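Text of final.txt (compact mmCIF, C-alpha atoms) as supplied:
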```txt
# COMPACT_ATOMS: atom_id res chain seq x y z
CA MET A 2 65.64 59.27 -80.06
CA SER A 3 65.64 59.47 -76.29
CA GLY A 4 66.96 63.01 -76.28
CA ARG A 5 63.88 64.33 -78.07
CA HIS A 6 60.88 65.64 -76.24
CA VAL A 7 58.58 65.58 -79.22
CA ASP A 8 55.72 63.23 -78.62
CA LEU A 9 55.73 61.12 -81.74
CA ASP A 10 53.00 58.57 -81.77
CA PRO A 11 53.98 56.05 -84.47
CA ASP A 12 50.36 55.52 -85.51
CA THR A 13 49.74 59.22 -85.98
CA VAL A 14 52.92 59.74 -87.94
CA GLU A 15 51.96 57.07 -90.42
CA ARG A 16 48.49 58.44 -90.77
CA ASP A 17 49.70 62.03 -91.23
CA LEU A 18 52.17 60.97 -93.86
CA ALA A 19 49.51 58.97 -95.66
CA GLN A 20 47.21 61.97 -95.53
CA LEU A 21 49.81 64.19 -97.15
CA VAL A 22 50.71 61.70 -99.85
CA LEU A 23 47.11 60.88 -100.64
CA THR A 24 46.26 64.56 -100.90
CA VAL A 25 48.87 65.01 -103.59
CA VAL A 26 47.74 61.88 -105.40
CA GLU A 27 44.14 63.02 -105.23
CA LEU A 28 45.09 66.40 -106.67
CA LEU A 29 46.76 64.71 -109.63
CA ARG A 30 43.87 62.32 -110.06
CA GLN A 31 41.40 65.19 -110.23
CA LEU A 32 43.54 67.10 -112.70
CA MET A 33 43.79 64.05 -114.92
CA GLU A 34 40.09 63.44 -114.69
CA ARG A 35 39.23 66.99 -115.63
CA GLN A 36 41.64 66.85 -118.53
CA ALA A 37 40.14 63.56 -119.65
CA LEU A 38 36.61 64.97 -119.60
CA ARG A 39 37.74 67.89 -121.70
CA ARG A 40 39.37 65.64 -124.24
CA VAL A 41 36.30 63.44 -124.46
CA GLU A 42 34.23 66.53 -125.09
CA THR A 43 36.43 67.79 -127.87
CA GLY A 44 36.27 64.32 -129.37
CA ASP A 45 39.97 63.82 -130.01
CA LEU A 46 40.05 60.39 -128.38
CA THR A 47 39.11 57.08 -129.92
CA GLU A 48 36.53 55.00 -128.13
CA GLU A 49 39.23 52.62 -127.14
CA GLN A 50 41.29 55.41 -125.57
CA GLU A 51 38.24 56.72 -123.76
CA GLU A 52 37.54 53.29 -122.36
CA ARG A 53 41.09 52.88 -121.15
CA ILE A 54 41.26 56.30 -119.53
CA GLY A 55 37.87 55.92 -117.92
CA LEU A 56 38.73 52.53 -116.53
CA THR A 57 42.02 53.80 -115.15
CA LEU A 58 40.39 56.74 -113.44
CA MET A 59 37.70 54.53 -112.02
CA LEU A 60 40.22 52.08 -110.62
CA LEU A 61 42.26 54.95 -109.19
CA GLU A 62 39.21 56.24 -107.41
CA GLU A 63 38.39 52.85 -105.97
CA ARG A 64 41.94 52.40 -104.84
CA MET A 65 41.83 55.81 -103.21
CA ASP A 66 38.72 54.82 -101.28
CA GLU A 67 40.42 51.68 -100.03
CA LEU A 68 43.47 53.62 -98.90
CA LEU A 69 41.35 56.18 -97.11
CA GLU A 70 39.58 53.44 -95.28
CA LYS A 71 42.82 51.75 -94.40
CA PHE A 72 44.21 54.91 -92.79
CA GLY A 73 40.92 55.96 -91.24
CA LEU A 74 40.75 59.14 -93.29
CA ARG A 75 37.68 60.89 -94.59
CA PRO A 76 37.55 62.34 -98.11
CA GLU A 77 37.49 65.86 -96.69
CA ASP A 78 40.75 65.15 -94.85
CA LEU A 79 42.48 65.19 -98.20
CA ASN A 80 43.00 68.88 -98.46
CA ILE A 81 45.49 71.53 -97.54
CA ASP A 82 44.51 74.98 -96.46
CA LEU A 83 46.66 77.38 -98.43
CA GLY A 84 45.55 80.35 -96.37
CA PRO A 85 44.71 83.32 -98.58
CA LEU A 86 44.83 81.10 -101.67
CA GLY A 87 42.07 78.91 -100.30
CA PRO A 88 42.05 75.13 -100.19
CA LEU A 89 44.29 73.10 -102.48
CA LEU A 90 41.39 70.98 -103.70
CA PRO A 91 37.96 72.39 -104.46
CA ARG A 92 35.76 72.19 -101.43
CA ASP A 93 32.12 71.69 -102.03
CA GLY A 94 30.58 74.69 -100.45
CA MET B 27 32.89 91.91 -54.98
CA THR B 28 33.87 94.66 -57.35
CA GLU B 29 32.00 95.11 -60.54
CA VAL B 30 32.84 96.68 -63.86
CA ARG B 31 30.60 97.92 -66.63
CA TYR B 32 30.04 95.84 -69.71
CA VAL B 33 28.70 98.24 -72.37
CA TYR B 34 26.50 96.75 -75.10
CA ALA B 35 25.45 99.70 -77.13
CA VAL B 36 24.95 103.42 -77.34
CA THR B 37 21.60 104.91 -78.25
CA ARG B 38 19.71 108.14 -78.03
CA PRO B 39 17.39 108.62 -75.07
CA PHE B 40 14.13 106.72 -75.46
CA ASP B 41 10.77 108.40 -75.57
CA GLY B 42 9.23 108.40 -72.15
CA ALA B 43 9.58 105.40 -69.92
CA ALA B 44 9.06 102.88 -72.70
CA THR B 45 12.12 100.90 -71.84
CA PRO B 46 12.46 97.77 -73.94
CA LEU B 47 14.71 96.21 -71.33
CA ARG B 48 12.24 94.06 -69.54
CA GLU B 49 13.15 92.22 -66.40
CA ASP B 50 13.64 88.97 -68.23
CA VAL B 51 16.20 90.28 -70.68
CA ARG B 52 19.50 88.92 -69.45
CA GLY B 53 22.77 90.05 -70.90
CA VAL B 54 26.34 88.98 -70.51
CA ALA B 55 27.05 86.77 -67.48
CA GLY B 56 23.31 86.57 -66.86
CA ALA B 57 23.24 90.14 -65.61
CA PRO B 58 20.30 92.46 -66.24
CA ALA B 59 20.95 95.52 -68.36
CA ARG B 60 20.48 99.09 -67.30
CA LEU B 61 20.67 102.50 -68.89
CA LEU B 62 23.12 105.25 -68.16
CA ALA B 63 22.15 108.58 -69.67
CA HIS B 64 24.81 111.17 -70.20
CA ASP B 65 24.46 114.39 -72.08
CA GLY B 66 22.15 113.32 -74.89
CA LEU B 67 23.49 109.78 -75.25
CA VAL B 68 22.52 106.61 -73.44
CA ALA B 69 24.86 103.76 -72.72
CA VAL B 70 23.29 100.35 -72.20
CA LEU B 71 25.32 98.28 -69.80
CA SER B 72 25.47 95.54 -67.23
CA ASP B 73 27.40 95.34 -64.01
CA VAL B 74 29.61 92.28 -64.28
CA PRO B 75 32.15 90.76 -61.89
CA ALA B 76 35.49 92.51 -62.25
CA GLU B 77 37.53 89.36 -61.90
CA ASP B 78 35.84 87.80 -64.93
CA PHE B 79 36.54 90.78 -67.13
CA SER B 80 40.03 91.78 -66.11
CA ASP B 81 42.67 91.99 -68.81
CA VAL B 82 44.18 88.76 -67.61
CA ALA B 83 40.91 86.88 -67.47
CA LEU B 84 39.83 88.18 -70.86
CA ARG B 85 43.03 87.15 -72.55
CA GLU B 86 42.25 83.56 -71.68
CA ARG B 87 38.53 83.75 -72.22
CA LEU B 88 38.66 85.29 -75.64
CA GLU B 89 40.12 82.01 -76.79
CA ASP B 90 37.41 80.00 -75.09
CA LEU B 91 34.83 79.46 -77.80
CA ASP B 92 32.08 78.42 -75.39
CA TRP B 93 32.57 81.51 -73.31
CA LEU B 94 32.65 83.68 -76.43
CA ALA B 95 29.46 82.13 -77.74
CA ALA B 96 27.66 82.66 -74.44
CA THR B 97 28.91 86.22 -74.26
CA ALA B 98 27.88 86.94 -77.83
CA ARG B 99 24.41 85.57 -77.07
CA GLY B 100 24.08 87.78 -74.00
CA HIS B 101 25.34 90.74 -75.98
CA ASP B 102 22.85 90.11 -78.73
CA ALA B 103 19.94 89.50 -76.35
CA VAL B 104 20.28 93.02 -75.00
CA VAL B 105 20.95 94.65 -78.36
CA SER B 106 18.00 92.84 -79.94
CA ALA B 107 15.69 93.89 -77.12
CA LEU B 108 16.76 97.48 -77.67
CA THR B 109 16.05 97.25 -81.37
CA ALA B 110 12.35 96.95 -80.60
CA ALA B 111 12.20 100.50 -79.32
CA ALA B 112 15.29 102.33 -80.42
CA THR B 113 18.16 102.27 -82.85
CA PRO B 114 21.10 100.96 -80.90
CA LEU B 115 24.64 101.34 -82.06
CA PRO B 116 26.11 98.00 -81.00
CA LEU B 117 29.58 98.28 -79.55
CA ARG B 118 32.33 95.80 -80.08
CA LEU B 119 31.98 92.60 -78.11
CA VAL B 120 33.50 92.91 -74.64
CA THR B 121 33.66 96.68 -74.35
CA VAL B 122 34.36 97.12 -70.66
CA CYS B 123 34.69 100.24 -68.50
CA ARG B 124 35.82 100.38 -64.91
CA ASP B 125 32.88 102.35 -63.52
CA ASP B 126 30.08 104.71 -64.46
CA GLY B 127 32.59 107.54 -64.72
CA GLY B 128 34.52 105.52 -67.28
CA VAL B 129 31.37 104.98 -69.31
CA ARG B 130 30.69 108.71 -69.30
CA ARG B 131 34.23 109.41 -70.42
CA MET B 132 33.84 106.91 -73.25
CA LEU B 133 30.62 108.61 -74.35
CA ASP B 134 32.38 111.98 -74.27
CA SER B 135 35.47 110.92 -76.15
CA GLY B 136 33.47 109.04 -78.78
CA ARG B 137 30.67 111.57 -78.97
CA ASP B 138 31.25 112.68 -82.57
CA GLN B 139 31.54 109.14 -83.84
CA PHE B 140 28.52 107.96 -81.89
CA THR B 141 26.40 110.87 -82.99
CA ARG B 142 27.29 110.49 -86.64
CA ALA B 143 26.72 106.74 -86.59
CA LEU B 144 23.40 107.07 -84.77
CA GLU B 145 22.23 109.60 -87.31
CA ARG B 146 23.19 107.28 -90.12
CA LEU B 147 21.51 104.29 -88.49
CA ASP B 148 18.46 106.00 -87.04
CA GLY B 149 15.29 104.24 -88.14
CA ARG B 150 17.21 101.62 -90.08
CA VAL B 151 17.52 97.93 -89.47
CA GLU B 152 19.75 95.26 -90.91
CA TRP B 153 18.50 92.40 -93.04
CA GLY B 154 20.65 89.45 -93.91
CA VAL B 155 20.38 87.58 -97.18
CA LYS B 156 22.18 84.34 -97.89
CA VAL B 157 22.09 82.29 -101.05
CA TYR B 158 22.98 78.61 -101.01
CA ALA B 159 23.64 76.28 -103.92
CA GLU B 160 22.03 73.25 -102.37
CA GLY B 161 20.98 71.03 -105.19
CA ALA B 162 24.49 70.89 -106.58
CA GLU B 163 25.40 67.26 -106.71
CA GLY B 164 28.82 68.34 -105.74
CA THR B 165 27.48 69.21 -102.34
CA GLN B 166 26.50 65.59 -101.82
CA GLU B 167 28.60 63.51 -104.10
CA ARG B 168 32.26 63.99 -104.20
CA GLN B 169 33.29 67.08 -105.97
CA GLY B 170 36.96 66.77 -105.75
CA ALA B 171 38.17 65.27 -102.54
CA ALA B 172 35.29 66.40 -100.41
CA GLY B 173 31.85 64.90 -100.31
CA ALA B 174 30.88 61.30 -100.37
CA ARG B 175 32.20 58.39 -102.26
CA PRO B 176 29.99 55.84 -103.91
CA GLY B 177 29.36 52.76 -101.88
CA LYS B 178 31.35 53.82 -98.87
CA ALA B 179 28.82 54.36 -96.19
CA ALA B 180 31.49 54.29 -93.53
CA VAL B 181 33.49 57.21 -94.77
CA ARG B 182 30.55 59.13 -95.99
CA ALA B 183 28.96 60.00 -92.67
CA ALA B 184 30.05 63.63 -92.91
CA GLY B 185 29.19 63.97 -96.55
CA GLY B 186 25.53 63.09 -96.42
CA GLY B 187 25.73 61.43 -99.77
CA SER B 188 23.04 59.93 -101.90
CA ALA B 189 22.89 56.44 -103.21
CA GLN B 190 23.82 57.47 -106.69
CA GLY B 191 27.13 55.71 -106.80
CA ARG B 192 26.54 52.49 -108.67
CA ARG B 193 29.74 51.23 -110.10
CA PRO B 194 29.77 52.05 -113.81
CA ALA B 195 30.05 49.03 -116.07
CA THR B 196 32.75 50.41 -118.35
CA GLY B 197 35.39 53.07 -118.41
CA ARG B 198 33.36 55.13 -120.83
CA ASP B 199 30.30 54.94 -118.59
CA TYR B 200 32.43 56.17 -115.76
CA LEU B 201 33.54 59.18 -117.78
CA LYS B 202 29.95 59.93 -118.77
CA GLN B 203 28.84 59.72 -115.16
CA ARG B 204 31.57 62.12 -114.09
CA MET B 205 30.64 64.47 -116.88
CA ARG B 206 26.97 64.54 -115.91
CA ARG B 207 27.86 65.17 -112.33
CA ARG B 208 30.22 67.96 -113.24
CA ASP B 209 27.66 69.61 -115.52
CA ALA B 210 24.92 69.40 -112.91
CA THR B 211 27.20 70.90 -110.32
CA GLU B 212 28.35 73.70 -112.56
CA GLY B 213 24.77 74.39 -113.60
CA VAL B 214 23.59 74.89 -110.06
CA TRP B 215 26.59 77.00 -109.15
CA ALA B 216 26.12 79.17 -112.22
CA GLN B 217 22.46 79.62 -111.38
CA ALA B 218 23.24 80.44 -107.76
CA ASP B 219 25.72 82.99 -109.01
CA ALA B 220 23.14 84.59 -111.30
CA VAL B 221 20.47 84.63 -108.59
CA SER B 222 22.94 86.23 -106.19
CA ARG B 223 23.82 88.98 -108.62
CA THR B 224 20.19 89.79 -109.37
CA LEU B 225 19.24 89.75 -105.71
CA HIS B 226 22.10 91.97 -104.74
CA SER B 227 21.48 94.59 -107.38
CA GLU B 228 17.71 94.67 -106.79
CA LEU B 229 17.94 94.64 -103.01
CA SER B 230 20.54 97.38 -103.04
CA ARG B 231 17.86 99.71 -104.35
CA TYR B 232 16.01 99.36 -101.07
CA ALA B 233 19.10 99.63 -98.97
CA GLU B 234 21.09 102.63 -97.92
CA ALA B 235 24.18 100.58 -97.45
CA GLU B 236 25.26 97.05 -98.25
CA GLN B 237 27.90 94.83 -96.87
CA VAL B 238 28.92 91.66 -98.64
CA HIS B 239 30.51 89.29 -96.18
CA ARG B 240 32.67 86.35 -97.06
CA PRO B 241 30.65 83.23 -97.74
CA GLN B 242 30.34 81.07 -94.68
CA ASP B 243 32.98 78.48 -94.26
CA PRO B 244 31.19 75.13 -94.35
CA ARG B 245 33.59 73.83 -91.73
CA LEU B 246 32.14 76.13 -89.08
CA PRO B 247 29.67 74.50 -86.75
CA GLY B 248 26.12 75.25 -87.80
CA ALA B 249 27.11 76.61 -91.19
CA ALA B 250 25.35 75.13 -94.16
CA ARG B 251 27.27 74.07 -97.23
CA GLY B 252 27.25 75.85 -100.52
CA ASN B 253 26.96 79.44 -99.33
CA VAL B 254 27.33 81.70 -102.37
CA LEU B 255 26.07 85.09 -101.23
CA ASN B 256 26.30 86.36 -97.67
CA ALA B 257 25.18 89.96 -97.58
CA ALA B 258 23.74 92.48 -95.16
CA TYR B 259 21.53 95.43 -96.07
CA LEU B 260 20.79 98.54 -94.10
CA VAL B 261 17.13 99.20 -94.78
CA PRO B 262 14.77 101.86 -93.43
CA ARG B 263 12.41 100.21 -90.97
CA GLU B 264 9.30 101.03 -92.99
CA LYS B 265 10.69 99.43 -96.13
CA GLY B 266 11.19 96.10 -94.43
CA GLU B 267 8.03 94.55 -95.80
CA ALA B 268 8.80 95.56 -99.37
CA PHE B 269 12.35 94.31 -98.97
CA ALA B 270 11.19 90.90 -97.76
CA GLU B 271 8.65 90.75 -100.59
CA GLU B 272 11.39 91.48 -103.11
CA VAL B 273 13.47 88.64 -101.73
CA ARG B 274 10.52 86.27 -102.13
CA ARG B 275 9.87 87.48 -105.65
CA LEU B 276 13.46 86.89 -106.72
CA THR B 277 13.78 83.47 -105.14
CA PRO B 278 13.72 80.88 -107.90
CA PRO B 279 11.05 78.25 -107.31
CA GLY B 280 11.86 74.66 -106.59
CA THR B 281 15.45 74.44 -107.74
CA GLY B 282 18.64 73.67 -105.94
CA ILE B 283 18.95 77.29 -104.86
CA ARG B 284 17.96 78.31 -101.35
CA VAL B 285 17.62 81.93 -100.33
CA GLU B 286 17.60 82.73 -96.65
CA LEU B 287 16.34 86.04 -95.28
CA THR B 288 17.03 86.97 -91.66
CA GLY B 289 16.16 90.06 -89.71
CA PRO B 290 15.41 92.66 -88.75
CA TRP B 291 18.66 92.86 -86.84
CA ALA B 292 20.38 95.65 -85.02
CA PRO B 293 22.76 97.13 -87.59
CA TYR B 294 25.80 95.12 -86.53
CA SER B 295 27.34 95.08 -89.98
CA PHE B 296 27.13 98.82 -90.28
CA ALA B 297 28.39 99.82 -86.87
CA VAL B 298 31.92 98.66 -87.47
CA THR B 299 33.25 102.03 -88.61
CA THR B 300 32.71 103.29 -85.11
CA ALA B 301 35.71 101.86 -83.38
CA VAL B 302 35.31 102.62 -79.73
CA PRO B 303 38.12 104.06 -77.66
CA ALA B 304 37.62 101.26 -75.18
CA ALA B 305 41.17 100.14 -74.72
CA GLU B 306 42.04 103.00 -72.41
CA GLU B 307 39.37 101.84 -70.00
CA GLY B 308 40.25 98.23 -70.52
CA GLY B 309 39.39 95.86 -67.72
CA SER B 310 40.23 96.63 -64.15
CA GLU B 311 42.38 94.40 -62.10
```

Before anything else, please render the file you have as structure tokens.
Amino acid sequence: MSGRHVDLDPDTVERDLAQLVLTVVELLRQLMERQALRRVETGDLTEEQEERIGLTLMLLEERMDELLEKFGLRPEDLNIDLGPLGPLLPRDG
Amino acid sequence: MTEVRYVYAVTRPFDGAATPLREDVRGVAGAPARLLAHDGLVAVLSDVPAEDFSDVALRERLEDLDWLAATARGHDAVVSALTAAATPLPLRLVTVCRDDGGVRRMLDSGRDQFTRALERLDGRVEWGVKVYAEGAEGTQERQGAAGARPGKAAVRAAGGGSAQGRRPATGRDYLKQRMRRRDATEGVWAQADAVSRTLHSELSRYAEAEQVHRPQDPRLPGAARGNVLNAAYLVPREKGEAFAEEVRRLTPPGTGIRVELTGPWAPYSFAVTTAVPAAEEGGSE
């Protein structure tokens, strides 16, 4: 890669990639969670299903926290500004 | 050292010698402000170093946030001082003329606009009203990706979270916790929305014009989170007390909703229609 003049810091590249991937994962996780809450409310899940879904979402969230910590990211880093469409994930505020 | 004219505002001549521009009012670049009367209009300006306000220098400086902030403060210091005695029509930030002759030409070429705007603004001041949804748990706990995560003090510094995040014992408890949080958040937002609508429609009765700005971006320095309404009202000076009283009356007590009233300001939000033909005078080299 000696012909390139782009300053690619290996650490930053990894972090940026992680940020992008985790943003997408977080979007899916939130969608699933919202869907799950709706289904619990309408009561079309058995208790056993609720327990399984809840546990899965909880573990996903914990795993997400660990990954954020590993890559030195803050929760608010997981977002993409879509310009006129606003942020990809809801921003509190 | 050559100097150019930085013009803050246009007003009508003051009554008598009651100039509100005391010695200690410092404008842009720390310069004192002076008045330049011309044919029924008064320009309020400072003499500033030409090399700092040339086209070339400005192109760089307008991207320098610190410089912009300092300039905006100087600009506002003069305009605010004027507001005490007159109704200033604030000009766009960094309106620069080469010399006094240039200022007079600007007053002449913009005369109709200035006169109309001054008539519209005469005796009016601007009040700002902001509504914040503060108690929303979503503004502290994670609502989506932003906010704090339970038990992660390290990553939560920016989120200002509470200690609410005990790990739920079961998957169903987790879902219940999320549901409560979501409901609380939605409740506060819905209430903030309702308060904003009521405020806006009631306050508009006191105002001759309203301007609803975009809610503040919480990422901006100094901006609070959860801004729902960000509006400006052009209110006759003598109705200011009643206006402020109305804001107090409509502020819900002790909930997660905060209403912020600021003013009286110079009518910045209502002077924008008066684009100034400043470009022709630009900066001097």

Could you check how far atom CA of Leu60 of chain A sits from atom CA of Pro88 of chain A, in Å to one decimal? 25.4 Å

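Among B:Gln203, B:Ser80, B:Ser295, B:Ser222, the residue with the shortest atom-to-atom distance to chain A, counting all atoms listed in the file, is B:Gln203.
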
Check every residue of chain A for an atom within 7 Å of chain B, counting all atoms listed in the file, and provide those that qualify as a PyMOL selection string. chain A and resi 27+31+38+51-56+59+75-77+79+90-94

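Counting only C-alpha atoms and comparing B:Pro114, B:Gly136, B:Pro279, B:Gly66, the residue that lies closest to Asp102 of chain B is B:Pro114.
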
Hey, can I get the axis-aligned box for segment 64-83 of chain A? All listed atoms, 8 Å padding on each side, centre and edge lengths in Å to one decimal, as JSON.
```
{"center_x": 42.1, "center_y": 64.5, "center_z": -98.0, "size_x": 25.2, "size_y": 41.7, "size_z": 29.6}
```

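Distance-wise, atom CA of Thr97 of chain B and atom CA of Val54 of chain B end up 5.3 Å apart.
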
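Picture a line from atom CA of Gln217 of chain B to atom CA of Val273 of chain B; it runs 16.0 Å.
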